[in-house]
Amino acid sequence: MSLDKATVSRIARLARIRVPDEDLERLGGELDNILSWVEQLGEVDTSDVPPMTSVVEMRLPKREDTVTDGAYPEKVLGNAPESEAGFFVVPKVVE
Amino acid sequence: MVGDDAVIEGATGSWEVVIGLEVHAQVISDAKLFSGAATAFGAEPNTQVSFIDAAMPGTLPVINEACVAQAVRTGLGLNAEINRYSVFDRKNYFYPDLPPNYQISQYAQPVVGPGMVRVDLEDGSVREVGIERLHLEQDAGKSLHDRRPDATCVDLNRAGVALMEIVSRPDLRGVGEAGAYIRKLRAILRYLGTCDGNMEQGSLRCDVNVSVRRPGAPLGTRCEIKNVNSVRFVQQAIDYEARRQIDILEGGGEIEQETRLFDADRGVTRSMRRKEEAHDYRYFPDPDLLPLELSDAYIDAIRAGLPELPDQKKVRFVEQLGLSEYDAGVLVAEKEVADYFERVADGREAKTASNWVTGELFGKLNESGREITDSPVSPDDLGDLIDLVADGTLSGRLAKEVFDAMFESGRPPGEIVEERGLEQVSDRGEIEALVDTVVGENADKVEEYRAGKDKLFGFFVGQVMKASQGRANPKVVNDILRQKLD
């Protein structure tokens with residue numbers, strides 16, 4: 001397994017992380033190491049082992065259908081760089 | 001049975017239009033899928049947002065049990081398999097109205113598996129449309145692009161509201177079937193009480209998959225048209241898209257699988273700005289949520305509480321109430337209409353009740369552009385009117401007049417009949433006096449009648465009815481006229 005620069009660049013873009021061109025090769029090598037470690041795990045035969053979904057013995061907790069939260073727009077907007085009339089204001093997105 | 005519009009004639013021969021629909025139905029619940037914030041439509045921006053919905057660090061989702069029950073209920077209503085074990089995944093993409101940068105959805109293991117919907121087509125035939133799956137997922141917030149010229153405004157009230165994505169098999173052919181499928185699905189959801197089906201408010205939104213092929217050939221490459229918000233637009237989008245694909249194929253080109261948008265103003269579909277990573281969602285199981293496990297007892301309890309659905313109701317109307325297939329189909333198509341009809345028909349002759357509802361009432365509602373839910377005539381009042389005809393108080397003709405007045409004023413029939421003095425007169429003495437007057441005033445016609453001009457009998461009936469202002473019981477009038485003339 002070996003990651004080329006184009007793949008590393010694509011992964012970075014998907015994660016919205018800006019990576020300078022000169023770092024791509026080094027990051028590719030680091031990701032390679034991680035991936036080969038994960039591949040190594042594949043050597044263990046797990047065909048009889050059900051997937052582990054949690055480290056604790058518990059079932060999915062559920063909530064009742066009652067309104068218990070919200071109604072604090074000023075807090076929700078508190079960290080926003082810009083807001084107006086109760087809206088978040090973000091750079092123009094056009095599709 | 002395949003609709004006439006299922007095949008389009010191109011320049012080089014026939015093409016079959018193949019359609020699959022992904023319907024996003026907003027779940028009826030008070031709180032959101034994973035938070036305790038409210039879901040009501042039309043609130044002030046960002047007033048129904050919890051820190052979970054805003055994806056603040058350190059928050060964790062906790063599933064709303066009512067939303068799970070609604071999904072199971074819907075699955076059962078779609079004759080579908082309910083999966084005892086399902087998993088929530090993260091669907092990763094960046095957009096300003098999606099604060100966590102992922103949508104919690106279900107990918108490989110949805111809560112509901114294959115099912116089937118019976119779609120009633122216009123020619124009276126029924127087509128079975130396969131349901132591939134139904135899964136639970138969160139809605140995103142709302143972006144407003146035209147509020148400011150230089151920026152986008154974001155309201156997160158809708159972020160985190162529960163949606164059911166209902167995916168059909170590519171079983172639909174032609175715009176007629178696609179429209180009938182959406183209407184039937186909407187009716188089932190509304191009967192179940194799991195989605196209000198309000199397309200204007202966005203409670204029901206469609207992604208439409210369209211491809212074309214030569215009849216009998218393997219499936220062609222499809223394009224997906226996103227977020228189409230009315231039955232009419234779905235049909236326009238399919239029509240445009242099918243012709244676009246046929247033009248490309250007949251010109252020797254190939255269809256590129258892509259996501260397109262429907263431009264409702266121009267009636268066309270267009271390519272979304274190409275983002276090659278747009279479909280790279282990198283699904284993986286959400287580590288914040290355990291798998292959703294359902295017991296047989298839980299599913300059985302929901303099954304036991306299912307209401308009567310349109311197909312069952314239609315069968316009952318036909319078999320037990322003696323209505324025609326057509327009338328029964330019309331009455332069950334909307335839950336509100338079926339409820340209204342059943343109240344009117346309660347303890348009365350079903351066919352009469354059906355005629356009043358589908359005839360006079362629908363006529364007036366159409367004329368005035370109203371829905372049955374704001375009918376000025378209540379089902380109980382319409383029932384009373386039918387009783388007044390049945391017990392002989394009102395003649396059929398006057399009943400229609402009274403109905404018009406009821407629709408006009410919203411008043412009960414008894415009041416109108418009394419106020420206008422419209423009760424049918426069956427008193428023999430009173431009618432006899434009228435007959436005597438008419439006979440006396442038309443001595444010449446009486447002669448002609450007795451000389452053999454039988455047709456004049458109708459004239460006399462008409463005169464007596466007129467003299468009674470339409471109130472005389474026609475049967476008694478006939479009776480007495482026969483006595484006096486023959």
# chains A, B, ... in the order shown; residues from 1 in each chain; ligands from 1
call {"tool": "closest_atom_pairs", "arguments": {"of": "chain B", "to": "chain A", "cutoff": "7 Å", "atoms": "only C-alpha atoms", "output": "CSV"}}
result
residue,atom,partner,partner_atom,distance
B:Ser29,CA,A:Asp65,CA,6.8
B:Asp30,CA,A:Asp65,CA,6.0
B:Ala31,CA,A:Val67,CA,5.2
B:Gly36,CA,A:Asp69,CA,4.8
B:Ala37,CA,A:Asp69,CA,4.6
B:Ala38,CA,A:Val67,CA,5.4
B:Pro45,CA,A:Gly86,CA,5.4
B:Asn46,CA,A:Pro73,CA,5.3
B:Thr47,CA,A:Ala71,CA,4.6
B:Gln48,CA,A:Gly70,CA,5.0
B:Val49,CA,A:Gly70,CA,4.8
B:Ser50,CA,A:Gly70,CA,4.4
B:Phe51,CA,A:Val76,CA,6.8
B:Ala54,CA,A:Val76,CA,7.0
B:Val62,CA,A:Lys62,CA,5.8
B:Ile63,CA,A:Lys62,CA,5.0
B:Asn64,CA,A:Arg63,CA,4.8
B:Glu65,CA,A:Lys62,CA,5.6
B:Ala66,CA,A:Asp65,CA,5.7
B:Asp150,CA,A:Lys92,CA,6.1
B:Ala151,CA,A:Lys92,CA,4.1
B:Thr152,CA,A:Lys92,CA,4.7
B:Cys153,CA,A:Val89,CA,4.7
B:Val154,CA,A:Phe88,CA,4.9
B:Asp155,CA,A:Phe87,CA,5.5
B:Met272,CA,A:Glu95,CA,6.8
B:Arg273,CA,A:Glu95,CA,6.5
B:Glu277,CA,A:Leu14,CA,7.0
B:Leu289,CA,A:Leu60,CA,6.8
B:Leu290,CA,A:Leu60,CA,5.0
B:Pro291,CA,A:Leu60,CA,6.5
B:Leu292,CA,A:Leu60,CA,6.3
call {"tool": "select_by_dssp", "arguments": {"residues": "range 12-64 of chain A", "states": "helix (DSSP H, G or I)", "output": "ChimeraX atom specification"}}
result
/A:12-14,21-41
call {"tool": "residues_around", "arguments": {"residues": "Thr373 in chain B", "least_positions_apart": "4", "cutoff": "9 Å", "atoms": "only C-alpha atoms", "output": "short mmCIF file (atom, residue, chain, number, x, y, z; two decimals) with C-alpha atoms, in the first residue's frame"}}
result
data_model
loop_
_atom_site.label_atom_id
_atom_site.label_comp_id
_atom_site.auth_asym_id
_atom_site.auth_seq_id
_atom_site.Cartn_x
_atom_site.Cartn_y
_atom_site.Cartn_z
CA GLU B 336 -59.70 13.45 5.84
CA VAL B 337 -62.18 12.57 3.10
CA TYR B 340 -65.66 12.74 6.76
#
call {"tool": "closest_residue", "arguments": {"among": "B:Ala187, B:Val117, B:Met199, B:Val87", "to": "Ala338 in chain B", "atoms": "only C-alpha atoms"}}
result
B:Ala187
call {"tool": "closest_residue", "arguments": {"among": "B:Arg190, B:Arg118, B:Arg428, B:Lys142", "to": "Pro99 in chain B", "atoms": "only C-alpha atoms"}}
result
B:Lys142
call {"tool": "residues_around", "arguments": {"residues": "range 210-215 of chain B", "least_positions_apart": "6", "cutoff": "7 Å", "atoms": "only C-alpha atoms", "output": "count of residues only"}}
result
13
call {"tool": "residues_around", "arguments": {"residues": "Thr7 in chain A", "least_positions_apart": "2", "cutoff": "12 Å", "atoms": "only C-alpha atoms", "output": "number ranges by chain"}}
result
A: 2-5, 9-14, 24-25, 27-29, 31-32; B: 277
call {"tool": "write_last_selection", "arguments": {"atoms": "N, CA, C and O atoms", "output": "compact mmCIF listing (two decimals), in the first residue's frame"}}
result
# COMPACT_ATOMS: atom_id res chain seq x y z
N SER A 2 0.59 2.08 -0.94
CA SER A 2 1.36 3.32 -0.96
C SER A 2 0.48 4.45 -1.48
O SER A 2 -0.21 4.28 -2.48
N LEU A 3 0.49 5.55 -0.75
CA LEU A 3 -0.37 6.67 -1.12
C LEU A 3 0.40 7.66 -1.98
O LEU A 3 1.45 8.15 -1.56
N ASP A 4 -0.17 7.97 -3.15
CA ASP A 4 0.51 8.99 -3.95
C ASP A 4 0.07 10.39 -3.50
O ASP A 4 -0.85 10.55 -2.71
N LYS A 5 0.76 11.38 -4.05
CA LYS A 5 0.51 12.75 -3.60
C LYS A 5 -0.92 13.21 -3.92
O LYS A 5 -1.54 13.93 -3.14
N SER A 9 -3.57 14.65 -1.24
CA SER A 9 -4.13 15.97 -1.46
C SER A 9 -5.66 15.91 -1.42
O SER A 9 -6.33 16.79 -0.87
N ARG A 10 -6.23 14.84 -1.98
CA ARG A 10 -7.68 14.67 -2.01
C ARG A 10 -8.23 14.44 -0.59
O ARG A 10 -9.25 15.03 -0.20
N ILE A 11 -7.55 13.61 0.18
CA ILE A 11 -7.98 13.38 1.56
C ILE A 11 -7.97 14.69 2.34
O ILE A 11 -8.89 15.00 3.10
N ALA A 12 -6.94 15.48 2.12
CA ALA A 12 -6.82 16.76 2.83
C ALA A 12 -7.97 17.69 2.44
O ALA A 12 -8.59 18.34 3.29
N ARG A 13 -8.30 17.68 1.15
CA ARG A 13 -9.37 18.58 0.70
C ARG A 13 -10.71 18.13 1.28
O ARG A 13 -11.52 18.95 1.70
N LEU A 14 -10.94 16.80 1.31
CA LEU A 14 -12.20 16.29 1.88
C LEU A 14 -12.34 16.69 3.35
O LEU A 14 -13.43 16.93 3.84
N LEU A 24 3.13 17.00 1.24
CA LEU A 24 2.31 15.87 0.79
C LEU A 24 3.06 14.54 0.88
O LEU A 24 2.52 13.54 1.32
N GLU A 25 4.31 14.57 0.45
CA GLU A 25 5.05 13.32 0.39
C GLU A 25 5.25 12.75 1.80
O GLU A 25 5.02 11.57 2.05
N LEU A 27 3.47 13.38 4.53
CA LEU A 27 2.18 12.92 5.08
C LEU A 27 1.78 11.59 4.47
O LEU A 27 1.24 10.72 5.14
N GLY A 28 2.06 11.41 3.16
CA GLY A 28 1.76 10.15 2.49
C GLY A 28 2.46 9.01 3.20
O GLY A 28 1.88 7.95 3.44
N GLY A 29 3.72 9.24 3.55
CA GLY A 29 4.48 8.21 4.25
C GLY A 29 3.87 7.89 5.60
O GLY A 29 3.71 6.72 5.98
N LEU A 31 0.73 8.34 6.57
CA LEU A 31 -0.55 7.65 6.38
C LEU A 31 -0.30 6.20 5.98
O LEU A 31 -1.02 5.29 6.42
N ASP A 32 0.72 5.99 5.14
CA ASP A 32 1.10 4.63 4.76
C ASP A 32 1.36 3.76 5.98
O ASP A 32 0.90 2.61 6.06
N GLU B 277 -15.67 15.55 -5.26
CA GLU B 277 -15.70 14.88 -3.95
C GLU B 277 -17.11 14.84 -3.36
O GLU B 277 -17.32 14.30 -2.30
call {"tool": "residues_around", "arguments": {"residues": "Glu325 in chain B", "least_positions_apart": "5", "cutoff": "10 Å", "atoms": "only C-alpha atoms", "output": "PyMOL selection string"}}
result
chain B and resi 124+314-315+317-319+330-331
call {"tool": "select_by_dssp", "arguments": {"residues": "range 58-106 of chain B", "states": "strand (DSSP E)", "output": "PyMOL selection string"}}
result
chain B and resi 63-64+85-86+89-92+102-105
call {"tool": "write_last_selection", "arguments": {"atoms": "N, CA, C and O atoms", "output": "PDB file, in the first residue's frame"}}
result
ATOM      1  N   ILE B  63     -31.025   9.133  21.197  1.00  0.00           N
ATOM      2  CA  ILE B  63     -32.109   8.969  20.217  1.00  0.00           C
ATOM      3  C   ILE B  63     -33.487   9.126  20.849  1.00  0.00           C
ATOM      4  O   ILE B  63     -33.719   8.725  21.995  1.00  0.00           O
ATOM      5  N   ASN B  64     -34.400   9.739  20.085  1.00  0.00           N
ATOM      6  CA  ASN B  64     -35.784   9.965  20.490  1.00  0.00           C
ATOM      7  C   ASN B  64     -36.585   8.692  20.171  1.00  0.00           C
ATOM      8  O   ASN B  64     -36.731   8.315  19.016  1.00  0.00           O
ATOM      9  N   TYR B  85     -31.939  -5.263  14.053  1.00  0.00           N
ATOM     10  CA  TYR B  85     -30.635  -4.698  14.378  1.00  0.00           C
ATOM     11  C   TYR B  85     -30.277  -3.709  13.281  1.00  0.00           C
ATOM     12  O   TYR B  85     -30.204  -4.078  12.101  1.00  0.00           O
ATOM     13  N   SER B  86     -30.126  -2.444  13.620  1.00  0.00           N
ATOM     14  CA  SER B  86     -29.702  -1.486  12.607  1.00  0.00           C
ATOM     15  C   SER B  86     -28.668  -0.544  13.202  1.00  0.00           C
ATOM     16  O   SER B  86     -28.514  -0.456  14.429  1.00  0.00           O
ATOM     17  N   ASP B  89     -24.862   5.622  10.941  1.00  0.00           N
ATOM     18  CA  ASP B  89     -23.560   5.954  10.365  1.00  0.00           C
ATOM     19  C   ASP B  89     -23.436   7.464  10.194  1.00  0.00           C
ATOM     20  O   ASP B  89     -24.437   8.175  10.161  1.00  0.00           O
ATOM     21  N   ARG B  90     -22.210   7.894  10.055  1.00  0.00           N
ATOM     22  CA  ARG B  90     -21.981   9.303   9.728  1.00  0.00           C
ATOM     23  C   ARG B  90     -21.763   9.434   8.225  1.00  0.00           C
ATOM     24  O   ARG B  90     -20.947   8.720   7.650  1.00  0.00           O
ATOM     25  N   LYS B  91     -22.506  10.346   7.619  1.00  0.00           N
ATOM     26  CA  LYS B  91     -22.333  10.656   6.203  1.00  0.00           C
ATOM     27  C   LYS B  91     -21.622  12.006   6.176  1.00  0.00           C
ATOM     28  O   LYS B  91     -22.197  13.022   6.596  1.00  0.00           O
ATOM     29  N   ASN B  92     -20.397  12.009   5.730  1.00  0.00           N
ATOM     30  CA  ASN B  92     -19.550  13.194   5.884  1.00  0.00           C
ATOM     31  C   ASN B  92     -19.592  14.125   4.675  1.00  0.00           C
ATOM     32  O   ASN B  92     -19.310  13.697   3.550  1.00  0.00           O
ATOM     33  N   TYR B 102     -21.179  16.273   9.413  1.00  0.00           N
ATOM     34  CA  TYR B 102     -21.677  14.956   9.011  1.00  0.00           C
ATOM     35  C   TYR B 102     -23.145  14.879   9.388  1.00  0.00           C
ATOM     36  O   TYR B 102     -23.598  15.556  10.316  1.00  0.00           O
ATOM     37  N   GLN B 103     -23.859  14.075   8.637  1.00  0.00           N
ATOM     38  CA  GLN B 103     -25.267  13.828   8.924  1.00  0.00           C
ATOM     39  C   GLN B 103     -25.344  12.435   9.529  1.00  0.00           C
ATOM     40  O   GLN B 103     -24.740  11.501   8.997  1.00  0.00           O
ATOM     41  N   ILE B 104     -26.054  12.295  10.658  1.00  0.00           N
ATOM     42  CA  ILE B 104     -26.244  10.951  11.189  1.00  0.00           C
ATOM     43  C   ILE B 104     -27.361  10.311  10.377  1.00  0.00           C
ATOM     44  O   ILE B 104     -28.478  10.839  10.271  1.00  0.00           O
ATOM     45  N   SER B 105     -27.028   9.171   9.755  1.00  0.00           N
ATOM     46  CA  SER B 105     -27.943   8.493   8.848  1.00  0.00           C
ATOM     47  C   SER B 105     -27.764   6.991   9.051  1.00  0.00           C
ATOM     48  O   SER B 105     -27.081   6.578   9.995  1.00  0.00           O
TER      49      SER B 105
END
call {"tool": "atom_distance", "arguments": {"atom1": "CA of Gly329 in chain B", "atom2": "CA of Val112 in chain B"}}
result
27.8 Å
call {"tool": "closest_residue", "arguments": {"among": "B:Pro110, B:Gly305, B:Gly115, B:Pro413", "to": "Pro285 in chain B", "atoms": "only C-alpha atoms"}}
result
B:Pro110
call {"tool": "atom_distance", "arguments": {"atom1": "CA of Leu294 in chain B", "atom2": "CA of Tyr191 in chain B"}}
result
23.5 Å
